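What follows is the content of coords-v5.cif (mmCIF, C-alpha atoms).
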data_target
loop_
_atom_site.label_atom_id
_atom_site.label_comp_id
_atom_site.auth_asym_id
_atom_site.auth_seq_id
_atom_site.Cartn_x
_atom_site.Cartn_y
_atom_site.Cartn_z
CA MET A 1 4.18 12.08 22.45
CA GLU A 2 0.70 10.83 21.60
CA GLY A 3 -2.87 12.02 21.86
CA CYS A 4 -4.44 15.46 21.99
CA SER A 5 -6.17 17.49 24.69
CA LYS A 6 -7.35 20.39 22.51
CA TYR A 7 -10.78 19.02 21.46
CA CYS A 8 -11.18 21.01 18.24
CA SER A 9 -14.80 20.76 17.19
CA TYR A 10 -14.07 18.85 13.95
CA CYS A 11 -11.45 16.38 15.20
CA VAL A 12 -11.78 12.78 16.42
CA VAL A 13 -8.20 12.40 17.72
CA PRO A 14 -8.95 13.08 21.42
CA TYR A 15 -11.76 10.51 21.29
CA THR A 16 -9.81 7.83 19.42
CA ARG A 17 -6.27 8.30 20.79
CA GLY A 18 -6.92 9.88 24.16
CA GLU A 19 -5.42 12.95 25.72
CA GLU A 20 -1.80 14.06 25.47
CA VAL A 21 0.79 11.68 26.91
CA SER A 22 4.51 12.50 26.82
CA ARG A 23 7.38 10.06 26.92
CA PRO A 24 9.85 10.49 29.79
CA PHE A 25 12.56 13.04 29.06
CA GLU A 26 15.48 10.65 29.47
CA ASP A 27 13.84 8.00 27.28
CA VAL A 28 13.64 10.40 24.37
CA LEU A 29 17.23 11.57 24.75
CA THR A 30 18.55 8.02 25.14
CA GLU A 31 16.86 6.96 21.91
CA ILE A 32 18.25 9.95 20.05
CA VAL A 33 21.78 9.28 21.32
CA GLY A 34 21.47 5.68 20.14
CA LEU A 35 20.38 6.82 16.68
CA THR A 36 23.17 9.37 16.31
CA GLU A 37 25.71 6.73 17.34
CA GLN A 38 24.44 4.73 14.36
CA GLY A 39 25.13 7.69 12.08
CA VAL A 40 21.72 9.36 11.99
CA LYS A 41 22.13 13.06 11.17
CA GLU A 42 18.54 14.30 11.34
CA ILE A 43 15.79 13.66 13.89
CA THR A 44 12.09 14.47 13.49
CA LEU A 45 10.07 14.65 16.70
CA LEU A 46 6.49 13.43 16.23
CA GLY A 47 3.21 13.96 18.01
CA GLN A 48 -0.35 15.08 17.44
CA ASN A 49 0.67 18.30 19.25
CA VAL A 50 4.36 17.67 19.73
CA ASN A 51 5.12 21.13 21.13
CA ALA A 52 2.73 20.39 24.02
CA TYR A 53 5.40 17.96 25.27
CA ARG A 54 5.71 17.73 29.03
CA GLY A 55 8.14 14.94 29.93
CA ALA A 56 8.93 13.64 33.40
CA MET A 57 12.58 14.11 34.35
CA GLY A 58 13.93 11.04 36.14
CA ASN A 59 12.58 10.34 39.62
CA THR A 60 12.00 14.01 40.39
CA SER A 61 8.83 16.04 40.15
CA ASP A 62 10.44 18.23 37.48
CA ILE A 63 8.83 18.39 34.05
CA ALA A 64 10.66 19.21 30.83
CA ASP A 65 8.85 21.31 28.27
CA PHE A 66 9.44 21.08 24.53
CA ALA A 67 11.91 23.96 24.49
CA LEU A 68 14.11 22.25 27.09
CA LEU A 69 14.03 18.99 25.13
CA LEU A 70 15.26 20.80 22.03
CA GLU A 71 18.04 22.50 23.99
CA TYR A 72 19.28 19.17 25.33
CA MET A 73 19.06 17.57 21.89
CA SER A 74 21.30 20.30 20.47
CA GLU A 75 24.13 19.10 22.75
CA ILE A 76 24.12 15.57 21.33
CA PRO A 77 27.24 14.99 19.18
CA GLY A 78 26.57 14.17 15.54
CA LEU A 79 23.03 15.53 15.41
CA GLU A 80 22.99 18.06 12.57
CA ARG A 81 19.29 18.68 12.03
CA ILE A 82 16.15 18.78 14.15
CA ARG A 83 12.58 18.92 12.82
CA PHE A 84 9.22 18.42 14.50
CA THR A 85 5.63 17.85 13.45
CA THR A 86 2.88 18.54 14.08
CA SER A 87 2.65 21.51 16.43
CA HIS A 88 -0.19 23.64 17.75
CA PRO A 89 -0.27 27.47 17.83
CA LYS A 90 -1.55 27.49 21.44
CA GLU A 91 1.64 25.72 22.53
CA PHE A 92 4.02 27.86 20.47
CA THR A 93 5.45 29.75 23.42
CA GLN A 94 8.00 32.54 23.53
CA ARG A 95 10.39 30.03 25.08
CA LEU A 96 10.08 27.87 21.98
CA ILE A 97 10.63 30.86 19.71
CA ASP A 98 13.73 31.80 21.70
CA VAL A 99 15.15 28.30 21.16
CA TYR A 100 15.28 29.02 17.42
CA ASP A 101 17.73 31.79 18.25
CA LYS A 102 19.92 29.40 20.29
CA VAL A 103 19.79 26.09 18.45
CA PRO A 104 21.21 26.17 14.90
CA GLN A 105 20.31 22.50 14.39
CA LEU A 106 16.62 23.48 14.26
CA VAL A 107 15.82 23.80 10.57
CA SER A 108 14.33 27.03 9.22
CA HIS A 109 11.20 25.20 8.20
CA LEU A 110 8.04 25.22 10.30
CA HIS A 111 4.81 23.31 9.84
CA LEU A 112 2.27 25.08 12.03
CA PRO A 113 -1.40 24.26 11.34
CA VAL A 114 -3.61 27.36 11.39
CA GLN A 115 -6.71 25.75 9.77
CA HIS A 116 -8.32 29.13 8.97
CA ALA A 117 -7.88 32.91 9.18
CA SER A 118 -11.41 34.01 10.04
CA ASP A 119 -11.87 34.49 13.77
CA THR A 120 -15.50 33.45 13.38
CA ILE A 121 -14.48 30.13 11.88
CA LEU A 122 -11.56 29.63 14.28
CA SER A 123 -13.98 30.11 17.18
CA ALA A 124 -16.41 27.58 15.70
CA MET A 125 -13.49 25.19 15.27
CA LYS A 126 -12.54 25.74 18.94
CA ARG A 127 -8.94 26.35 18.00
CA GLY A 128 -8.26 28.66 20.96
CA TYR A 129 -6.46 31.51 19.18
CA THR A 130 -7.21 34.37 16.80
CA ALA A 131 -5.78 35.08 13.38
CA LEU A 132 -3.84 38.00 14.86
CA GLU A 133 -2.28 35.77 17.51
CA PHE A 134 -1.18 33.31 14.84
CA LYS A 135 0.32 36.10 12.76
CA SER A 136 2.17 37.34 15.84
CA ILE A 137 3.84 33.94 16.26
CA ILE A 138 5.08 33.98 12.68
CA ARG A 139 6.25 37.59 12.97
CA LYS A 140 8.31 36.71 16.04
CA MET A 141 9.67 33.58 14.36
CA ARG A 142 10.81 35.54 11.32
CA MET A 143 12.58 38.02 13.56
CA VAL A 144 14.91 35.20 14.64
CA ARG A 145 14.74 33.22 11.38
CA PRO A 146 14.23 35.67 8.47
CA ASN A 147 14.43 32.86 5.90
CA LEU A 148 11.78 30.72 7.61
CA SER A 149 9.85 28.44 5.24
CA LEU A 150 6.26 28.03 6.42
CA SER A 151 3.72 25.29 5.78
CA SER A 152 0.33 24.67 7.34
CA ASP A 153 -2.99 22.81 7.37
CA PHE A 154 -6.17 24.43 6.04
CA ILE A 155 -9.81 23.39 6.17
CA VAL A 156 -11.99 24.95 3.47
CA GLY A 157 -15.79 24.95 3.59
CA PHE A 158 -16.20 24.61 7.34
CA PRO A 159 -19.90 25.00 8.26
CA GLY A 160 -20.81 28.69 8.14
CA GLU A 161 -17.80 29.75 6.05
CA THR A 162 -18.81 32.76 3.96
CA ASP A 163 -17.07 34.29 0.96
CA ALA A 164 -15.74 36.97 3.32
CA ASP A 165 -14.33 34.31 5.67
CA PHE A 166 -12.58 32.60 2.80
CA GLU A 167 -11.10 35.88 1.57
CA LYS A 168 -9.55 36.36 5.01
CA LEU A 169 -7.92 32.98 4.61
CA MET A 170 -6.52 33.91 1.20
CA GLU A 171 -5.22 37.21 2.56
CA MET A 172 -3.34 35.40 5.32
CA VAL A 173 -1.87 32.89 2.86
CA VAL A 174 -0.41 35.74 0.81
CA GLU A 175 0.65 37.85 3.80
CA LEU A 176 2.53 35.06 5.57
CA HIS A 177 3.70 33.48 2.30
CA PHE A 178 2.99 29.84 3.09
CA ASP A 179 4.86 27.66 0.62
CA ASN A 180 3.30 24.27 1.31
CA SER A 181 0.08 22.97 2.80
CA TYR A 182 -2.22 20.10 3.53
CA SER A 183 -5.55 21.55 2.42
CA PHE A 184 -8.91 19.82 2.56
CA ILE A 185 -12.62 20.42 2.20
CA PHE A 186 -14.37 20.01 5.54
CA SER A 187 -15.62 16.48 6.13
CA PRO A 188 -17.83 15.84 9.19
CA ARG A 189 -16.55 13.24 11.61
CA PRO A 190 -19.30 11.34 13.48
CA GLY A 191 -19.29 12.09 17.19
CA THR A 192 -17.64 15.49 16.90
CA PRO A 193 -19.50 18.75 17.65
CA ALA A 194 -18.90 20.10 14.12
CA ALA A 195 -20.73 17.14 12.61
CA ASN A 196 -23.99 18.64 13.92
CA LEU A 197 -23.45 22.13 12.51
CA SER A 198 -25.67 23.38 9.72
CA ASP A 199 -23.85 23.45 6.40
CA ASP A 200 -25.60 24.97 3.39
CA THR A 201 -22.62 25.86 1.18
CA PRO A 202 -22.74 23.88 -2.09
CA TYR A 203 -19.88 21.45 -2.65
CA GLU A 204 -19.02 23.12 -5.97
CA ILE A 205 -18.27 26.39 -4.17
CA LYS A 206 -16.12 24.62 -1.60
CA LEU A 207 -14.19 22.87 -4.37
CA LYS A 208 -13.51 26.15 -6.18
CA ARG A 209 -12.27 27.67 -2.95
CA LEU A 210 -9.95 24.74 -2.35
CA GLN A 211 -8.58 24.88 -5.90
CA ARG A 212 -7.92 28.59 -5.57
CA LEU A 213 -6.14 28.08 -2.25
CA ILE A 214 -3.94 25.30 -3.58
CA ALA A 215 -3.07 27.27 -6.73
CA GLN A 216 -1.96 30.26 -4.64
CA ILE A 217 0.22 28.18 -2.35
CA ASP A 218 1.73 26.30 -5.31
CA ALA A 219 2.61 29.62 -6.93
CA GLN A 220 4.26 30.82 -3.74
CA ALA A 221 6.15 27.55 -3.40
CA LEU A 222 7.50 27.94 -6.91
CA THR A 223 8.66 31.46 -6.08
CA VAL A 224 10.62 30.15 -3.10
CA SER A 225 12.15 27.35 -5.17
CA GLN A 226 13.16 29.77 -7.92
CA SER A 227 14.92 31.94 -5.35
CA MET A 228 17.11 28.92 -4.57
CA LEU A 229 18.37 28.57 -8.15
CA GLY A 230 22.15 28.86 -8.23
CA GLN A 231 22.34 28.78 -4.42
CA THR A 232 24.30 26.23 -2.42
CA GLU A 233 22.08 24.28 -0.03
CA ARG A 234 22.81 21.82 2.74
CA VAL A 235 21.18 18.58 1.61
CA LEU A 236 20.57 15.35 3.53
CA ILE A 237 20.96 12.43 1.12
CA GLU A 238 18.13 9.93 1.69
CA GLY A 239 18.66 7.45 -1.16
CA PHE A 240 18.60 7.16 -4.93
CA THR A 241 16.05 8.00 -7.58
CA ARG A 242 14.36 5.14 -9.44
CA ASP A 243 16.81 5.36 -12.35
CA ASN A 244 19.76 5.31 -9.92
CA ALA A 245 21.24 8.24 -11.82
CA HIS A 246 20.54 10.75 -9.08
CA LEU A 247 20.93 10.98 -5.34
CA LEU A 248 17.64 11.80 -3.63
CA GLY A 249 17.94 14.43 -0.92
CA ARG A 250 16.09 17.03 1.08
CA THR A 251 17.03 20.64 1.70
CA GLU A 252 16.70 22.34 5.06
CA ASN A 253 13.48 24.05 3.91
CA ASN A 254 12.02 20.64 3.04
CA ARG A 255 12.48 20.71 -0.74
CA VAL A 256 13.12 17.40 -2.48
CA ILE A 257 16.22 17.64 -4.66
CA ASN A 258 17.65 15.16 -7.15
CA ILE A 259 21.42 15.44 -7.32
CA LEU A 260 23.32 14.05 -10.27
CA ILE A 261 25.88 11.48 -9.14
CA PRO A 262 29.31 12.72 -10.26
CA PRO A 263 30.53 10.62 -13.25
CA SER A 264 33.60 9.52 -11.31
CA ASP A 265 31.34 8.04 -8.61
CA VAL A 266 28.71 6.26 -10.75
CA ASN A 267 30.57 2.95 -10.55
CA HIS A 268 32.37 3.66 -7.30
CA PRO A 269 32.18 0.62 -4.99
CA GLN A 270 31.33 2.88 -2.06
CA VAL A 271 28.73 5.08 -3.75
CA ASP A 272 26.19 4.00 -1.10
CA HIS A 273 28.20 6.00 1.40
CA TRP A 274 26.44 9.10 0.13
CA ILE A 275 23.25 7.95 1.87
CA GLY A 276 22.79 9.57 5.24
CA GLU A 277 25.37 12.28 4.58
CA VAL A 278 24.70 16.00 4.63
CA VAL A 279 26.38 17.62 1.63
CA ASP A 280 26.63 21.01 -0.01
CA ALA A 281 24.76 21.01 -3.31
CA ARG A 282 24.19 23.76 -5.83
CA VAL A 283 20.65 24.06 -7.21
CA THR A 284 20.88 23.89 -11.01
CA GLU A 285 17.23 23.52 -12.04
CA VAL A 286 13.78 24.21 -10.59
CA LEU A 287 10.92 21.88 -11.53
CA LYS A 288 7.28 22.10 -10.45
CA HIS A 289 7.62 19.97 -7.32
CA THR A 290 11.34 19.19 -7.08
CA LEU A 291 14.79 20.66 -7.56
CA ARG A 292 17.86 19.38 -9.35
CA GLY A 293 21.40 19.99 -8.29
CA GLU A 294 25.02 18.91 -8.20
CA VAL A 295 27.61 18.40 -5.50
CA ALA A 296 30.98 20.09 -5.52
CA HIS A 297 33.13 17.03 -5.04
CA ALA A 298 33.28 13.31 -5.73
CA LEU A 299 33.80 10.53 -3.21
CA ALA A 300 37.41 10.02 -2.16
#
Now, as a test, write the supplied structure out as C-alpha cells.
Amino acid sequence: MEGCSKYCSYCVVPYTRGEEVSRPFEDVLTEIVGLTEQGVKEITLLGQNVNAYRGAMGNTSDIADFALLLEYMSEIPGLERIRFTTSHPKEFTQRLIDVYDKVPQLVSHLHLPVQHASDTILSAMKRGYTALEFKSIIRKMRMVRPNLSLSSDFIVGFPGETDADFEKLMEMVVELHFDNSYSFIFSPRPGTPAANLSDDTPYEIKLKRLQRLIAQIDAQALTVSQSMLGQTERVLIEGFTRDNAHLLGRTENNRVINILIPPSDVNHPQVDHWIGEVVDARVTEVLKHTLRGEVAHALA
C-alpha cells in the first residue's frame, strides 16, 4: 500500500504521496504466489503504514484487513517467512496481535515506530496514542511472542522537548528493550504544522540527547546478540560477502550473519545454491554490528 492518512504534525508524506491506498487483496496474493513459485522464501510487505491495509476482495464489497492478508499468506506453499514495514501503533489491532499466535511464518521481529515516550510530545506530534497505549501493544505482543525483537523510530529535540520529556523516552527504551532504531534530531519540513512551532533548545543539547539514545540502544542490541552466541538460528542466505569466503545471511530477528562456507563447498560447482535457502546456523562469534556462524552440513 502507499500513502498515509495520519497527518502527523512533522511529516510531509500525506502531502507528497497522498492518503492511504491499498492494492486489491487478490493482486497481492497472486504476486506472492508467483514469487514463491520462483523459490522466494521470505516476503516483506511494504507501506508507509502497511498495517492500515484495507484491500478490496474481488468484485464484492468485502474489505480485507491486514490480519486477514497475513492469514491467507500463511497458507501459500513454500513461504517460510513474513515481515512487514513500516507499521503504525494506531493500526496495531488485537486482531493483528492474535495473528502472531496463529501464523508461525511471521518473524519474531517487529519494527513499530513510537517516535517519543512523552505524552506531551506525542500530542504535539499528533500521533494519536499515548505512551501507555504503546507499551500495552508491546506487552500483548510479548505475551504471544516472548522472544520478540523490537525496533523503532525516534525523533529527538522535537519543539518543546524538555529534559523531563527526554528522560521519559530513555525510560521507555530501557523498559521495552528496543534493540535497533532509526533515530534523528527533529528537522522542520516546510508546509507541516510542526515547522511553525517555537524551538529554543540548542542544537548541542539535541545532539547529546541523540548520542545518548543511540548508545543505549546499541548497548541493548549487543546484549541481544550476545545471548545468541552458541545458539542455532534459522538463517536466510542472501548472498556472499565481498571476500566470497562467507555466506551473507539474516536471522529471524534481523541480525546480519556471516557464515563460513564449509571447506568442502568452497570450490563446489553448485555453491550458489546456498543463496535463497533457509539454513540452520550456529552463532560462533558476536561482533559490534554483525554475527559470525557456521552451518552444520555441506552441500550434497
When the PyMOL selection byres ((chain A and resi 100) around 12) is applied to the file above, which residues end up in the set, as a PDB file with C-alpha atoms, keeping the file's coordinate frame?
ATOM      1  CA  ALA A  67      11.910  23.960  24.490  1.00  0.00           C
ATOM      2  CA  LEU A  68      14.110  22.250  27.090  1.00  0.00           C
ATOM      3  CA  LEU A  70      15.260  20.800  22.030  1.00  0.00           C
ATOM      4  CA  GLU A  71      18.040  22.500  23.990  1.00  0.00           C
ATOM      5  CA  SER A  74      21.300  20.300  20.470  1.00  0.00           C
ATOM      6  CA  ILE A  82      16.150  18.780  14.150  1.00  0.00           C
ATOM      7  CA  ARG A  83      12.580  18.920  12.820  1.00  0.00           C
ATOM      8  CA  PHE A  92       4.020  27.860  20.470  1.00  0.00           C
ATOM      9  CA  THR A  93       5.450  29.750  23.420  1.00  0.00           C
ATOM     10  CA  GLN A  94       8.000  32.540  23.530  1.00  0.00           C
ATOM     11  CA  ARG A  95      10.390  30.030  25.080  1.00  0.00           C
ATOM     12  CA  LEU A  96      10.080  27.870  21.980  1.00  0.00           C
ATOM     13  CA  ILE A  97      10.630  30.860  19.710  1.00  0.00           C
ATOM     14  CA  ASP A  98      13.730  31.800  21.700  1.00  0.00           C
ATOM     15  CA  VAL A  99      15.150  28.300  21.160  1.00  0.00           C
ATOM     16  CA  ASP A 101      17.730  31.790  18.250  1.00  0.00           C
ATOM     17  CA  LYS A 102      19.920  29.400  20.290  1.00  0.00           C
ATOM     18  CA  VAL A 103      19.790  26.090  18.450  1.00  0.00           C
ATOM     19  CA  PRO A 104      21.210  26.170  14.900  1.00  0.00           C
ATOM     20  CA  GLN A 105      20.310  22.500  14.390  1.00  0.00           C
ATOM     21  CA  LEU A 106      16.620  23.480  14.260  1.00  0.00           C
ATOM     22  CA  VAL A 107      15.820  23.800  10.570  1.00  0.00           C
ATOM     23  CA  SER A 108      14.330  27.030   9.220  1.00  0.00           C
ATOM     24  CA  HIS A 109      11.200  25.200   8.200  1.00  0.00           C
ATOM     25  CA  LEU A 110       8.040  25.220  10.300  1.00  0.00           C
ATOM     26  CA  LYS A 140       8.310  36.710  16.040  1.00  0.00           C
ATOM     27  CA  MET A 141       9.670  33.580  14.360  1.00  0.00           C
ATOM     28  CA  ARG A 142      10.810  35.540  11.320  1.00  0.00           C
ATOM     29  CA  MET A 143      12.580  38.020  13.560  1.00  0.00           C
ATOM     30  CA  VAL A 144      14.910  35.200  14.640  1.00  0.00           C
ATOM     31  CA  ARG A 145      14.740  33.220  11.380  1.00  0.00           C
ATOM     32  CA  PRO A 146      14.230  35.670   8.470  1.00  0.00           C
ATOM     33  CA  LEU A 148      11.780  30.720   7.610  1.00  0.00           C
TER      34      LEU A 148
END
Near-region 154-164 of chain A list (7 Å; only C-alpha atoms; drop same-chain fewer than 5 positions) as a PyMOL selection string: chain A and resi 114-116+121+182-186+197-199+206+209-210
Quick one: apply the PyMOL selection byres ((chain A and resi 87) around 10) to the file and drop the selected residues here as a PyMOL selection string. chain A and resi 46-53+84-86+88-92+110-114+152
Taking all atoms listed in the file into account, name the residue in A:Glu42, A:Asp200, A:Glu167, A:Glu75 that is nearest to Thr251 (chain A).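 Between A:Glu42, A:Asp200, A:Glu167, A:Glu75, the residue approaching Thr251 (chain A) most closely is A:Glu42.
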Just say which residues the PyMOL selection byres ((chain A and resi 238) around 9) picks in this file, as a PyMOL selection string. chain A and resi 236-237+239-240+247-250+274-277
Excluding Met57 (chain A) and any residue of its chain fewer than 5 positions from it, enumerate the residues within 7 Å of it, using all atoms listed in the file, and give them as a list in words.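 With the cut-off at 7 Å, the set is Pro24, Phe25, Glu26, Asp62, Ile63 and Ala64 of chain A.
Put simply, CA of Val174 (chain A) is 22.8 Å away from CA of Gly128 (chain A).
Computed from the coordinates, the CA of His177 (chain A) to CA of Leu287 (chain A) distance equals 19.4 Å.
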Measuring atom to atom with all atoms listed in the file, identify which of A:Ala221, A:Leu45, A:Leu229, A:Ala245 is nearest to Lys288 (chain A). A:Ala221
Quick one: region 73-88 of chain A with N, CA, C and O atoms, as a short mmCIF file (atom, residue, chain, number, x, y, z; two decimals), in the frame of the given file?
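The result, stored in rebuild.cif:
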data_model
loop_
_atom_site.label_atom_id
_atom_site.label_comp_id
_atom_site.auth_asym_id
_atom_site.auth_seq_id
_atom_site.Cartn_x
_atom_site.Cartn_y
_atom_site.Cartn_z
N MET A 73 18.74 18.28 23.14
CA MET A 73 19.06 17.57 21.89
C MET A 73 20.21 18.24 21.16
O MET A 73 21.06 17.56 20.55
N SER A 74 20.27 19.56 21.21
CA SER A 74 21.30 20.30 20.47
C SER A 74 22.70 20.00 20.98
O SER A 74 23.69 20.27 20.28
N GLU A 75 22.81 19.42 22.19
CA GLU A 75 24.13 19.10 22.75
C GLU A 75 24.59 17.69 22.39
O GLU A 75 25.70 17.29 22.75
N ILE A 76 23.77 16.94 21.68
CA ILE A 76 24.12 15.57 21.33
C ILE A 76 25.07 15.56 20.13
O ILE A 76 24.72 16.07 19.06
N PRO A 77 26.27 15.00 20.28
CA PRO A 77 27.24 14.99 19.18
C PRO A 77 26.69 14.26 17.96
O PRO A 77 26.05 13.21 18.07
N GLY A 78 26.94 14.82 16.78
CA GLY A 78 26.57 14.17 15.54
C GLY A 78 25.20 14.53 15.01
O GLY A 78 24.88 14.26 13.85
N LEU A 79 24.37 15.16 15.84
CA LEU A 79 23.03 15.53 15.41
C LEU A 79 23.09 16.87 14.69
O LEU A 79 23.36 17.91 15.29
N GLU A 80 22.84 16.85 13.37
CA GLU A 80 22.99 18.06 12.57
C GLU A 80 21.69 18.79 12.31
O GLU A 80 21.69 20.00 12.06
N ARG A 81 20.57 18.05 12.34
CA ARG A 81 19.29 18.68 12.03
C ARG A 81 18.19 18.20 12.96
O ARG A 81 18.15 17.01 13.30
N ILE A 82 17.32 19.13 13.33
CA ILE A 82 16.15 18.78 14.15
C ILE A 82 14.90 19.35 13.49
O ILE A 82 14.86 20.54 13.13
N ARG A 83 13.90 18.50 13.31
CA ARG A 83 12.58 18.92 12.82
C ARG A 83 11.54 18.43 13.82
O ARG A 83 11.80 17.55 14.63
N PHE A 84 10.33 18.97 13.71
CA PHE A 84 9.22 18.42 14.50
C PHE A 84 7.90 18.66 13.79
O PHE A 84 7.74 19.62 13.04
N THR A 85 6.98 17.75 14.01
CA THR A 85 5.63 17.85 13.45
C THR A 85 4.72 16.90 14.22
O THR A 85 5.16 15.85 14.68
N THR A 86 3.47 17.27 14.44
CA THR A 86 2.88 18.54 14.08
C THR A 86 2.69 19.35 15.34
O THR A 86 2.53 18.80 16.41
N SER A 87 2.73 20.66 15.24
CA SER A 87 2.65 21.51 16.43
C SER A 87 1.34 22.29 16.44
O SER A 87 0.63 22.35 15.44
N HIS A 88 1.05 22.91 17.58
CA HIS A 88 -0.19 23.64 17.75
C HIS A 88 0.13 25.09 18.13
O HIS A 88 0.99 25.33 18.98
#
